[in-house]
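Source file: start.cif; contents: mmCIF, C-alpha atoms.
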```
data_protein
loop_
_atom_site.label_atom_id
_atom_site.label_comp_id
_atom_site.auth_asym_id
_atom_site.auth_seq_id
_atom_site.Cartn_x
_atom_site.Cartn_y
_atom_site.Cartn_z
CA MET A 10 23.11 13.19 -25.45
CA LYS A 11 20.51 15.40 -27.07
CA ILE A 12 18.66 14.67 -30.31
CA ALA A 13 16.20 16.81 -32.27
CA LEU A 14 13.65 15.07 -34.51
CA VAL A 15 12.19 17.45 -37.08
CA LEU A 16 8.82 16.55 -38.57
CA ASP A 17 6.48 18.00 -41.18
CA GLY A 18 3.54 17.64 -38.81
CA LEU A 19 2.39 15.08 -36.24
CA GLN A 20 -0.77 13.93 -38.01
CA VAL A 21 -1.94 10.32 -37.98
CA GLY A 22 0.33 8.57 -40.47
CA GLY A 23 2.91 5.84 -40.89
CA VAL A 24 6.01 8.06 -40.77
CA GLU A 25 4.77 9.86 -37.67
CA ARG A 26 4.03 6.61 -35.84
CA VAL A 27 7.48 5.31 -36.74
CA CYS A 28 8.93 8.48 -35.26
CA LEU A 29 7.12 7.83 -31.97
CA ASP A 30 8.51 4.29 -31.95
CA TYR A 31 12.02 5.68 -32.37
CA CYS A 32 11.34 8.11 -29.53
CA LYS A 33 10.85 5.09 -27.26
CA LEU A 34 14.13 3.55 -28.39
CA LEU A 35 16.03 6.82 -28.00
CA LEU A 36 14.68 7.28 -24.48
CA ASP A 37 15.83 3.74 -23.68
CA LEU A 38 19.30 4.76 -24.92
CA ASP A 39 19.21 7.74 -22.50
CA TYR A 40 18.87 10.44 -25.15
CA GLN A 41 17.10 13.70 -24.44
CA VAL A 42 14.55 13.90 -27.25
CA THR A 43 12.96 17.05 -28.66
CA ILE A 44 10.43 16.99 -31.52
CA PHE A 45 10.22 20.07 -33.73
CA ASN A 46 6.77 20.15 -35.36
CA LEU A 47 6.93 22.39 -38.45
CA ARG A 48 3.18 22.25 -39.02
CA PRO A 49 1.70 22.97 -35.58
CA ASN A 50 -1.89 22.52 -36.78
CA PHE A 51 -1.10 18.89 -37.62
CA ASN A 52 -0.90 17.59 -34.08
CA ALA A 53 -3.34 14.66 -33.73
CA LEU A 54 -0.56 12.30 -32.62
CA GLU A 55 0.93 14.60 -30.03
CA LYS A 56 -1.17 12.97 -27.33
CA GLU A 57 0.66 9.71 -28.05
CA VAL A 58 4.18 11.16 -27.78
CA PRO A 59 6.06 9.24 -25.07
CA GLU A 60 6.44 10.94 -21.72
CA GLY A 61 9.75 12.76 -21.46
CA VAL A 62 9.81 13.94 -25.08
CA LYS A 63 9.63 17.70 -25.52
CA ILE A 64 7.59 19.21 -28.38
CA VAL A 65 8.38 22.56 -30.01
CA HIS A 66 6.07 24.20 -32.56
CA ILE A 67 7.80 26.26 -35.25
CA PRO A 68 5.79 26.97 -38.44
CA PHE A 69 7.84 26.40 -41.58
CA SER A 70 6.00 25.89 -44.86
CA ILE A 71 7.31 23.68 -47.63
CA TRP A 72 6.43 26.53 -50.04
CA PHE A 73 9.28 28.65 -48.62
CA THR A 74 12.01 26.06 -49.26
CA PRO A 75 14.24 26.93 -52.25
CA GLU A 76 14.95 23.33 -53.25
CA ARG A 77 11.26 22.63 -53.71
CA TYR A 78 11.43 24.53 -57.00
CA THR A 79 14.49 22.75 -58.42
CA LYS A 80 12.39 20.57 -60.73
CA LEU A 81 11.38 23.69 -62.68
CA VAL A 82 14.74 23.56 -64.47
CA LYS A 83 13.52 20.46 -66.33
CA TRP A 84 10.84 22.50 -68.07
CA ASN A 85 11.29 25.23 -70.68
CA PHE A 86 13.56 28.28 -70.61
CA MET A 87 10.95 30.48 -68.95
CA TYR A 88 10.65 28.09 -66.03
CA LYS A 89 14.43 28.02 -65.68
CA LEU A 90 14.31 31.80 -65.14
CA ILE A 91 11.45 31.43 -62.68
CA TYR A 92 13.50 28.87 -60.77
CA ILE A 93 16.48 31.23 -60.49
CA PHE A 94 14.35 34.03 -59.09
CA ALA A 95 12.42 31.67 -56.80
CA TYR A 96 15.62 30.17 -55.45
CA ILE A 97 17.15 33.59 -54.70
CA ILE A 98 13.97 34.99 -53.14
CA PHE A 99 13.23 32.02 -50.89
CA SER A 100 16.88 31.64 -49.91
CA CYS A 101 16.81 35.22 -48.67
CA ILE A 102 13.51 34.65 -46.89
CA ASP A 103 14.92 31.57 -45.16
CA ILE A 104 18.00 33.44 -43.99
CA VAL A 105 15.80 36.06 -42.37
CA TYR A 106 13.43 33.46 -40.93
CA LYS A 107 16.30 31.44 -39.50
CA ALA A 108 17.56 34.55 -37.70
CA TYR A 109 14.05 35.12 -36.38
CA CYS A 110 13.82 31.52 -35.13
CA LYS A 111 17.14 31.85 -33.33
CA LEU A 112 15.78 34.91 -31.51
CA ARG A 113 12.23 33.66 -30.97
CA TYR A 114 12.79 30.04 -29.95
CA LYS A 115 15.37 29.20 -27.32
CA GLU A 116 15.38 25.59 -28.54
CA CYS A 117 17.00 26.78 -31.80
CA ARG A 118 19.87 28.16 -29.73
CA GLU A 119 20.42 24.95 -27.79
CA ASN A 120 23.30 22.64 -28.65
CA PHE A 121 22.12 19.26 -29.93
CA ASP A 122 24.28 16.27 -30.71
CA PHE A 123 21.98 15.28 -33.60
CA ALA A 124 19.41 17.09 -35.71
CA VAL A 125 17.32 14.61 -37.72
CA SER A 126 15.09 15.42 -40.67
CA PHE A 127 12.59 12.64 -39.97
CA SER A 128 9.77 13.28 -42.44
CA SER A 129 12.27 13.80 -45.26
CA HIS A 130 10.12 16.52 -46.82
CA PHE A 131 11.59 19.71 -48.21
CA ASN A 132 10.75 21.80 -45.15
CA ASP A 133 12.24 19.54 -42.47
CA LEU A 134 15.22 18.73 -44.72
CA THR A 135 15.88 22.45 -45.20
CA PHE A 136 15.38 23.12 -41.48
CA VAL A 137 18.13 20.62 -40.68
CA ALA A 138 20.44 21.19 -43.67
CA ASP A 139 20.52 24.97 -43.17
CA HIS A 140 21.11 24.68 -39.42
CA PHE A 141 17.98 26.25 -38.03
CA ILE A 142 18.99 24.05 -35.11
CA LYS A 143 22.50 24.04 -33.67
CA ALA A 144 23.72 20.46 -33.96
CA LYS A 145 27.03 18.68 -34.16
CA ASN A 146 25.62 16.08 -36.59
CA THR A 147 22.83 16.25 -39.15
CA VAL A 148 20.87 13.23 -40.40
CA SER A 149 18.12 12.57 -42.92
CA TRP A 150 15.72 9.65 -42.39
CA SER A 151 14.66 8.49 -45.85
CA HIS A 152 11.59 6.27 -45.68
CA GLY A 153 12.52 4.07 -48.60
CA ALA A 154 15.39 3.97 -51.07
CA ILE A 155 17.42 7.02 -52.06
CA TYR A 156 16.64 6.60 -55.74
CA SER A 157 12.91 7.12 -55.17
CA TYR A 158 13.57 10.59 -53.75
CA LEU A 159 15.98 11.57 -56.49
CA LEU A 160 13.41 10.58 -59.11
CA MET A 161 11.08 13.19 -57.65
CA SER A 162 13.50 16.11 -57.60
CA ASP A 163 17.19 17.02 -57.84
CA GLY A 164 16.51 19.25 -54.84
CA PHE A 165 16.99 16.19 -52.65
CA ILE A 166 20.53 15.79 -54.01
CA ASN A 167 21.43 19.30 -52.86
CA LEU A 168 19.92 18.83 -49.42
CA TYR A 169 21.41 15.38 -48.90
CA ASN A 170 24.86 16.73 -49.77
CA LYS A 171 24.49 19.30 -47.00
CA ILE A 172 23.27 16.76 -44.45
CA LYS A 173 25.72 13.95 -45.39
CA ASN A 174 24.31 11.21 -43.12
CA ILE A 175 21.35 9.33 -44.61
CA VAL A 176 19.36 6.48 -43.05
CA VAL A 177 17.46 4.32 -45.55
CA LEU A 178 15.03 1.42 -45.21
CA VAL A 179 16.15 -0.37 -48.35
CA ASP A 180 19.16 -0.06 -50.64
CA ASP A 181 17.51 -0.84 -53.99
CA ALA A 182 19.37 0.80 -56.91
CA GLN A 183 21.64 2.59 -54.45
CA GLU A 184 24.86 1.69 -56.24
CA GLU A 185 23.46 2.93 -59.55
CA VAL A 186 22.33 6.22 -58.00
CA LEU A 187 25.76 6.90 -56.52
CA SER A 188 27.59 5.96 -59.71
CA TYR A 189 25.45 8.32 -61.82
CA ASN A 190 25.55 11.12 -59.23
CA GLN A 191 29.22 11.30 -58.36
CA ASN A 192 28.71 14.65 -56.67
CA LEU A 193 26.90 12.79 -53.87
CA HIS A 194 29.24 12.13 -50.97
CA LEU A 195 27.16 10.47 -48.30
CA ASN A 196 27.31 8.21 -45.29
CA ILE A 197 24.43 5.80 -45.90
CA TYR A 198 23.06 3.46 -43.23
CA LYS A 199 20.29 0.89 -43.64
CA LEU A 200 17.97 0.45 -40.68
CA TYR A 201 14.60 -1.29 -40.54
CA ASN A 202 11.71 0.19 -38.61
CA PRO A 203 10.91 -1.45 -35.27
CA SER A 204 7.55 -3.14 -34.69
CA PHE A 205 5.87 -2.68 -31.32
CA VAL A 206 2.55 -4.23 -32.33
CA LYS A 207 3.00 -7.28 -30.08
CA SER A 208 2.93 -5.01 -27.05
CA ARG A 209 -0.75 -4.26 -27.73
CA PRO A 210 -3.17 -6.45 -25.75
CA VAL A 211 -5.26 -8.92 -27.75
CA ASP A 212 -8.94 -9.39 -26.91
CA ASN A 213 -9.32 -13.15 -27.37
CA GLY A 214 -13.09 -12.88 -27.13
CA LYS A 215 -13.20 -10.44 -30.04
CA VAL A 216 -10.76 -12.59 -32.02
CA GLU A 217 -13.08 -15.60 -31.74
CA LYS A 218 -16.06 -13.44 -32.67
CA LEU A 219 -14.27 -12.24 -35.83
CA LYS A 220 -13.39 -15.80 -36.79
CA ARG A 221 -17.00 -16.89 -36.38
CA LYS A 222 -18.27 -13.95 -38.42
CA TYR A 223 -15.76 -13.97 -41.31
CA GLY A 224 -14.33 -17.50 -41.21
CA LYS A 225 -10.85 -17.96 -42.71
CA PHE A 226 -10.78 -14.41 -44.04
CA ILE A 227 -8.29 -12.44 -46.11
CA LEU A 228 -7.21 -9.15 -44.53
CA MET A 229 -5.84 -5.94 -46.02
CA VAL A 230 -4.89 -3.07 -43.69
CA SER A 231 -4.02 0.15 -45.55
CA ARG A 232 -5.13 3.62 -46.48
CA PHE A 233 -7.23 3.85 -49.61
CA LYS A 234 -4.84 5.96 -51.64
CA TYR A 235 -4.02 4.79 -55.14
CA PRO A 236 -1.36 4.10 -56.49
CA HIS A 237 0.49 3.75 -53.17
CA LYS A 238 -2.16 1.22 -52.15
CA ASP A 239 -4.02 -0.88 -54.70
CA GLN A 240 -7.25 -2.22 -53.22
CA PRO A 241 -8.92 -2.47 -56.69
CA THR A 242 -6.53 -5.26 -57.73
CA VAL A 243 -7.24 -7.09 -54.46
CA ILE A 244 -11.00 -6.90 -55.09
CA LYS A 245 -10.60 -8.25 -58.62
CA ALA A 246 -8.34 -11.05 -57.36
CA PHE A 247 -10.91 -11.95 -54.71
CA ASN A 248 -13.61 -12.07 -57.35
CA ASP A 249 -11.47 -14.50 -59.35
CA LEU A 250 -10.74 -16.55 -56.23
CA ILE A 251 -14.42 -17.08 -55.47
CA THR A 252 -15.58 -17.44 -59.08
CA ASN A 253 -12.92 -19.80 -60.40
CA TYR A 254 -11.63 -21.56 -57.29
CA LYS A 255 -14.98 -21.77 -55.44
CA LEU A 256 -13.50 -20.90 -52.06
CA ASP A 257 -15.69 -20.06 -49.08
CA THR A 258 -13.95 -17.04 -47.60
CA ASN A 259 -14.32 -13.30 -46.94
CA LEU A 260 -12.25 -10.21 -47.70
CA VAL A 261 -11.89 -7.60 -44.96
CA PHE A 262 -10.52 -4.10 -45.56
CA ILE A 263 -9.37 -1.95 -42.64
CA GLY A 264 -8.59 1.69 -43.33
CA ASP A 265 -9.98 4.87 -44.83
CA GLY A 266 -8.74 7.34 -47.40
CA PRO A 267 -9.59 9.43 -50.44
CA ASP A 268 -10.03 6.44 -52.79
CA LYS A 269 -12.22 4.29 -50.57
CA GLU A 270 -15.38 5.14 -52.50
CA LYS A 271 -13.73 4.06 -55.75
CA SER A 272 -12.98 0.63 -54.30
CA GLU A 273 -16.50 0.32 -52.92
CA LYS A 274 -17.94 1.03 -56.37
CA ILE A 275 -15.77 -1.72 -57.89
CA ALA A 276 -17.08 -4.13 -55.26
CA ASP A 277 -20.69 -2.99 -55.83
CA ASN A 278 -20.43 -4.03 -59.50
CA LEU A 279 -19.69 -7.64 -58.60
CA SER A 280 -22.31 -10.35 -58.19
CA PRO A 281 -24.39 -10.14 -54.97
CA ASP A 282 -22.89 -13.39 -53.66
CA ILE A 283 -19.35 -12.01 -53.95
CA ARG A 284 -20.22 -8.47 -52.84
CA LYS A 285 -21.62 -9.71 -49.53
CA ARG A 286 -18.24 -11.31 -48.80
CA ILE A 287 -16.31 -8.00 -49.11
CA HIS A 288 -16.31 -5.88 -45.97
CA PHE A 289 -15.11 -2.27 -45.62
CA LEU A 290 -14.70 -1.72 -41.88
CA GLY A 291 -12.97 1.67 -41.83
CA THR A 292 -10.19 2.58 -39.39
CA LYS A 293 -9.73 0.27 -36.42
CA LEU A 294 -7.58 1.14 -33.43
CA ASP A 295 -7.45 -2.50 -32.29
CA VAL A 296 -5.87 -3.83 -35.48
CA GLN A 297 -4.01 -6.48 -33.44
CA ASN A 298 -7.31 -8.33 -32.97
CA TYR A 299 -7.82 -8.50 -36.74
CA TYR A 300 -4.27 -9.75 -37.28
CA SER A 301 -4.91 -12.46 -34.69
CA ALA A 302 -8.14 -13.53 -36.39
CA ALA A 303 -7.12 -13.34 -40.07
CA TYR A 304 -6.07 -16.34 -42.15
CA ILE A 305 -4.04 -14.54 -44.84
CA LEU A 306 -2.74 -10.99 -45.20
CA VAL A 307 -2.84 -9.42 -48.65
CA HIS A 308 -1.00 -6.20 -49.44
CA ALA A 309 -0.97 -4.41 -52.80
CA SER A 310 0.70 -1.34 -54.21
CA VAL A 311 1.52 0.04 -57.65
CA ALA A 312 3.87 2.86 -56.72
CA GLY A 313 6.94 2.36 -54.59
CA GLU A 314 6.71 2.07 -50.82
CA GLY A 315 9.27 2.27 -48.09
CA LEU A 316 9.13 -0.78 -45.87
CA PRO A 317 5.42 -1.57 -45.41
CA THR A 318 4.78 -1.62 -41.66
CA ILE A 319 1.63 -3.67 -42.12
CA MET A 320 3.61 -6.59 -43.50
CA ILE A 321 5.96 -6.56 -40.52
CA GLU A 322 3.10 -6.25 -38.03
CA ALA A 323 1.25 -9.20 -39.59
CA MET A 324 4.36 -11.38 -39.31
CA ASN A 325 4.17 -10.98 -35.55
CA TYR A 326 0.89 -12.88 -35.66
CA ARG A 327 2.14 -15.62 -38.02
CA ILE A 328 -0.18 -14.69 -40.89
CA PRO A 329 1.11 -15.93 -44.27
CA GLU A 330 1.20 -13.10 -46.79
CA VAL A 331 0.53 -12.50 -50.47
CA VAL A 332 2.05 -9.18 -51.55
CA THR A 333 2.57 -7.38 -54.85
CA ASP A 334 6.23 -7.20 -55.86
CA SER A 335 6.22 -3.41 -56.08
CA LYS A 336 9.16 -1.09 -55.60
CA THR A 337 10.36 -0.82 -52.88
CA GLY A 338 9.96 -2.82 -49.69
CA PRO A 339 7.98 -6.07 -50.18
CA ARG A 340 10.92 -8.02 -51.61
CA GLU A 341 13.16 -6.58 -48.89
CA ILE A 342 10.85 -8.16 -46.28
CA LEU A 343 9.84 -11.40 -48.01
CA GLY A 344 12.97 -12.11 -50.03
CA ASP A 345 12.41 -14.19 -53.18
CA ASN A 346 9.23 -15.84 -51.82
CA GLN A 347 11.29 -16.94 -48.83
CA TYR A 348 9.02 -15.53 -46.13
CA GLY A 349 5.81 -15.05 -48.12
CA LEU A 350 4.45 -15.10 -51.65
CA LEU A 351 5.10 -12.25 -54.07
CA CYS A 352 2.73 -11.65 -56.97
CA LYS A 353 2.85 -9.43 -60.02
CA VAL A 354 1.81 -5.78 -59.74
CA GLN A 355 -1.73 -5.05 -60.98
CA ASP A 356 -2.27 -8.70 -61.90
CA PRO A 357 -5.45 -10.04 -60.21
CA LYS A 358 -5.06 -13.48 -61.78
CA ASP A 359 -1.56 -13.95 -60.39
CA MET A 360 -2.67 -12.70 -56.98
CA SER A 361 -5.65 -15.08 -56.86
CA GLU A 362 -3.36 -18.00 -57.83
CA LYS A 363 -1.01 -17.17 -54.96
CA LEU A 364 -3.92 -16.86 -52.53
CA PHE A 365 -5.27 -20.22 -53.65
CA GLU A 366 -1.85 -21.78 -53.08
CA LEU A 367 -2.02 -20.83 -49.41
CA PHE A 368 -5.62 -21.94 -49.01
CA SER A 369 -5.09 -25.31 -50.72
CA ASP A 370 -1.59 -26.30 -49.54
CA LYS A 371 -1.62 -26.78 -45.78
CA LYS A 372 2.11 -27.61 -45.62
CA LEU A 373 3.00 -24.43 -47.48
CA TYR A 374 0.74 -22.41 -45.19
CA GLU A 375 2.32 -23.88 -42.06
CA HIS A 376 5.80 -23.40 -43.52
CA TYR A 377 5.26 -19.65 -43.86
CA GLN A 378 3.70 -19.48 -40.41
CA CYS A 379 6.83 -21.07 -38.97
CA ILE A 380 9.46 -19.18 -40.92
CA GLU A 381 7.85 -15.77 -40.29
CA GLY A 382 8.76 -16.25 -36.65
CA GLU A 383 12.43 -16.10 -37.61
CA ARG A 384 12.15 -13.18 -40.02
CA VAL A 385 10.22 -10.95 -37.64
CA LYS A 386 13.12 -11.01 -35.17
CA ASP A 387 14.99 -8.67 -37.54
CA PHE A 388 12.34 -6.01 -36.83
CA SER A 389 12.14 -6.45 -33.06
CA PRO A 390 12.62 -3.30 -30.96
CA LYS A 391 15.68 -4.85 -29.30
CA ALA A 392 17.41 -5.61 -32.61
CA ILE A 393 16.63 -2.17 -34.04
CA GLU A 394 17.73 -0.42 -30.85
CA GLU A 395 21.14 -2.08 -31.03
CA LYS A 396 21.61 -1.02 -34.67
CA LEU A 397 20.34 2.49 -33.94
CA ASP A 398 22.85 2.84 -31.13
CA TYR A 399 25.67 1.73 -33.45
CA ILE A 400 24.62 4.13 -36.24
CA LEU A 401 24.41 7.17 -33.97
CA LYS A 402 27.78 6.40 -32.42
CA ASP A 403 29.33 5.95 -35.85
CA ILE A 404 27.88 9.24 -37.09
CA ASN A 405 29.10 11.01 -33.98
CA LYS A 406 32.56 9.55 -34.52
CA HIS A 407 32.91 10.47 -38.18
CA GLY A 408 30.96 13.75 -38.06
CA ASP A 409 30.02 15.10 -41.50
CA GLN A 410 32.94 13.44 -43.30
CA ALA A 411 31.60 11.15 -46.00
CA LYS A 412 33.13 7.70 -45.93
#
```
Output the file's structure as structure tokens, nothing else.
Amino acid sequence: MKIALVLDGLQVGGVERVCLDYCKLLLDLDYQVTIFNLRPNFNALEKEVPEGVKIVHIPFSIWFTPERYTKLVKWNFMYKLIYIFAYIIFSCIDIVYKAYCKLRYKECRENFDFAVSFSSHFNDLTFVADHFIKAKNTVSWSHGAIYSYLLMSDGFINLYNKIKNIVVLVDDAQEEVLSYNQNLHLNIYKLYNPSFVKSRPVDNGKVEKLKRKYGKFILMVSRFKYPHKDQPTVIKAFNDLITNYKLDTNLVFIGDGPDKEKSEKIADNLSPDIRKRIHFLGTKLDVQNYYSAAYILVHASVAGEGLPTIMIEAMNYRIPEVVTDSKTGPREILGDNQYGLLCKVQDPKDMSEKLFELFSDKKLYEHYQCIEGERVKDFSPKAIEEKLDYILKDINKHGDQAK
């Protein structure tokens, strides 16, 4: 069978890496996989695309998608008029461009069994919903809960109704969304992302070196991009942990991003003794070595997330976790403190208390180390591949008829 995965670029990012993981699973299931990259200049990850996957470059800007402008109707009367004209103009442009794509790119004339909007941005959603690709079944991969998309724009409602089949990571508030939007008639499937991190080789020599250098250190692996990642709260919690609980530990940040300097400035304002314990190491390609060496993983966010990959990866290395109970994702992975400790959002004191619990209670620490081994099985490539196979077969069976 043939499947088309449509992406808003192949830059270095979480969604794009997840897509490459699914490429591996689809190849194992004997699918012919084609990636449609709608932003050809964003191609840094193309060198990591699994062998056997075809890549097609077709420029399609998000600015030319009619549904992008739907949120204008929530403003004043003038913007409602602007929306009407924008919708008509860009709908006409897309009709012409779709005809051009059919003539220009032979891949748009091929018959696919599935066309998947994988980035779930307006351009790849439109590309799939409006049949730029010939496909028996259309699917949208939503990297989170449906409600989080509908909060952003009603345009997603219109596109989802065209696509019908939606894959979500979590089902938070899903029943409420469907009850208040009775015009939505969807087939919704929940599927976790697979974790392949254990397939990466660990350098035991480097792991021991990290342990000697940082001791029993706290690790956070994330982009510095507030509010989706909240390193400032982690720094403040660490300050409280050292000041009030007198622990001898270090805090290690892995990652870069637009708000890194802001976090560094917060750290620079702390006492010299605490500042020297906070380490900003930038991006690391061998993150598995840091997981292996770390004592505790901390993860913080203010805004909603999908299903934080970092949390799942860390579980593979039996690192107990302290994570903010933000929407959505952390509670889906950890349950109600079942597989790790949840703390309040933007509450450094609560976070430092939870961290101290793990440092001071050896039985609790070992309990989470043990039980993580069971939870992480739900995210294994084998388990996800079996569910993926079931979902695709079910979609193919029911077509675009909403259940």
*Identify which of the residues A:Asn346, A:Asn202, A:Asn298, A:Ser126 lies closest to Gly315 of chain A, counting all atoms listed in the file when measuring atom-to-atom distances.*
A:Asn202
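Residues in contact with segment 161-173 of chain A at up to 8 Å, not including ones fewer than 5 positions away on its chain and judged by all atoms listed in the file, are Glu76, Arg77, Tyr78, Thr79, Lys80, Phe131, Leu134, Thr135, Val137, Ala138, Asp139, Thr147, Val148, Ser149, Leu193, His194, Leu195, Asn196, Asp409, Gln410 and Ala411 of chain A.
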List, as a compact mmCIF listing (two decimals) with C-alpha atoms, in the frame of the given file, every residue that the PyMOL selection byres ((chain A and resi 347) around 12) selects in the file provided.
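Written output follows (out_21.txt):
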```txt
# COMPACT_ATOMS: atom_id res chain seq x y z
CA PRO A 329 1.11 -15.93 -44.27
CA GLU A 330 1.20 -13.10 -46.79
CA VAL A 331 0.53 -12.50 -50.47
CA PRO A 339 7.98 -6.07 -50.18
CA ARG A 340 10.92 -8.02 -51.61
CA GLU A 341 13.16 -6.58 -48.89
CA ILE A 342 10.85 -8.16 -46.28
CA LEU A 343 9.84 -11.40 -48.01
CA GLY A 344 12.97 -12.11 -50.03
CA ASP A 345 12.41 -14.19 -53.18
CA ASN A 346 9.23 -15.84 -51.82
CA TYR A 348 9.02 -15.53 -46.13
CA GLY A 349 5.81 -15.05 -48.12
CA LEU A 350 4.45 -15.10 -51.65
CA LEU A 351 5.10 -12.25 -54.07
CA LEU A 373 3.00 -24.43 -47.48
CA HIS A 376 5.80 -23.40 -43.52
CA TYR A 377 5.26 -19.65 -43.86
CA GLN A 378 3.70 -19.48 -40.41
CA CYS A 379 6.83 -21.07 -38.97
CA ILE A 380 9.46 -19.18 -40.92
CA GLU A 381 7.85 -15.77 -40.29
CA GLU A 383 12.43 -16.10 -37.61
CA ARG A 384 12.15 -13.18 -40.02
```
*asked:* Just the number, please: distance in Å from atom CA of Lys285 of chain A to atom CA of Asn259 of chain A, one decimal.
replied: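 A separation of 8.5 Å between them.
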*Can you list, as JSON, numbers by chain, the residues that the PyMOL selection byres ((chain A and resi 360-364) around 10) selects here?*
{"A": [227, 242, 243, 244, 245, 246, 247, 248, 249, 250, 251, 253, 254, 305, 306, 307, 309, 329, 330, 331, 332, 333, 349, 350, 351, 352, 353, 354, 355, 356, 357, 358, 359, 365, 366, 367, 368, 369]}
Could you save those same residues with C-alpha atoms as a CSV table (one decimal), in the frame of the given file?
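The resulting out_25.csv:
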```
chain,number,residue,atom,x,y,z
A,227,ILE,CA,-8.3,-12.4,-46.1
A,242,THR,CA,-6.5,-5.3,-57.7
A,243,VAL,CA,-7.2,-7.1,-54.5
A,244,ILE,CA,-11.0,-6.9,-55.1
A,245,LYS,CA,-10.6,-8.2,-58.6
A,246,ALA,CA,-8.3,-11.0,-57.4
A,247,PHE,CA,-10.9,-12.0,-54.7
A,248,ASN,CA,-13.6,-12.1,-57.4
A,249,ASP,CA,-11.5,-14.5,-59.4
A,250,LEU,CA,-10.7,-16.6,-56.2
A,251,ILE,CA,-14.4,-17.1,-55.5
A,253,ASN,CA,-12.9,-19.8,-60.4
A,254,TYR,CA,-11.6,-21.6,-57.3
A,305,ILE,CA,-4.0,-14.5,-44.8
A,306,LEU,CA,-2.7,-11.0,-45.2
A,307,VAL,CA,-2.8,-9.4,-48.6
A,309,ALA,CA,-1.0,-4.4,-52.8
A,329,PRO,CA,1.1,-15.9,-44.3
A,330,GLU,CA,1.2,-13.1,-46.8
A,331,VAL,CA,0.5,-12.5,-50.5
A,332,VAL,CA,2.0,-9.2,-51.6
A,333,THR,CA,2.6,-7.4,-54.8
A,349,GLY,CA,5.8,-15.0,-48.1
A,350,LEU,CA,4.4,-15.1,-51.6
A,351,LEU,CA,5.1,-12.2,-54.1
A,352,CYS,CA,2.7,-11.6,-57.0
A,353,LYS,CA,2.8,-9.4,-60.0
A,354,VAL,CA,1.8,-5.8,-59.7
A,355,GLN,CA,-1.7,-5.0,-61.0
A,356,ASP,CA,-2.3,-8.7,-61.9
A,357,PRO,CA,-5.4,-10.0,-60.2
A,358,LYS,CA,-5.1,-13.5,-61.8
A,359,ASP,CA,-1.6,-14.0,-60.4
A,365,PHE,CA,-5.3,-20.2,-53.6
A,366,GLU,CA,-1.8,-21.8,-53.1
A,367,LEU,CA,-2.0,-20.8,-49.4
A,368,PHE,CA,-5.6,-21.9,-49.0
A,369,SER,CA,-5.1,-25.3,-50.7
```
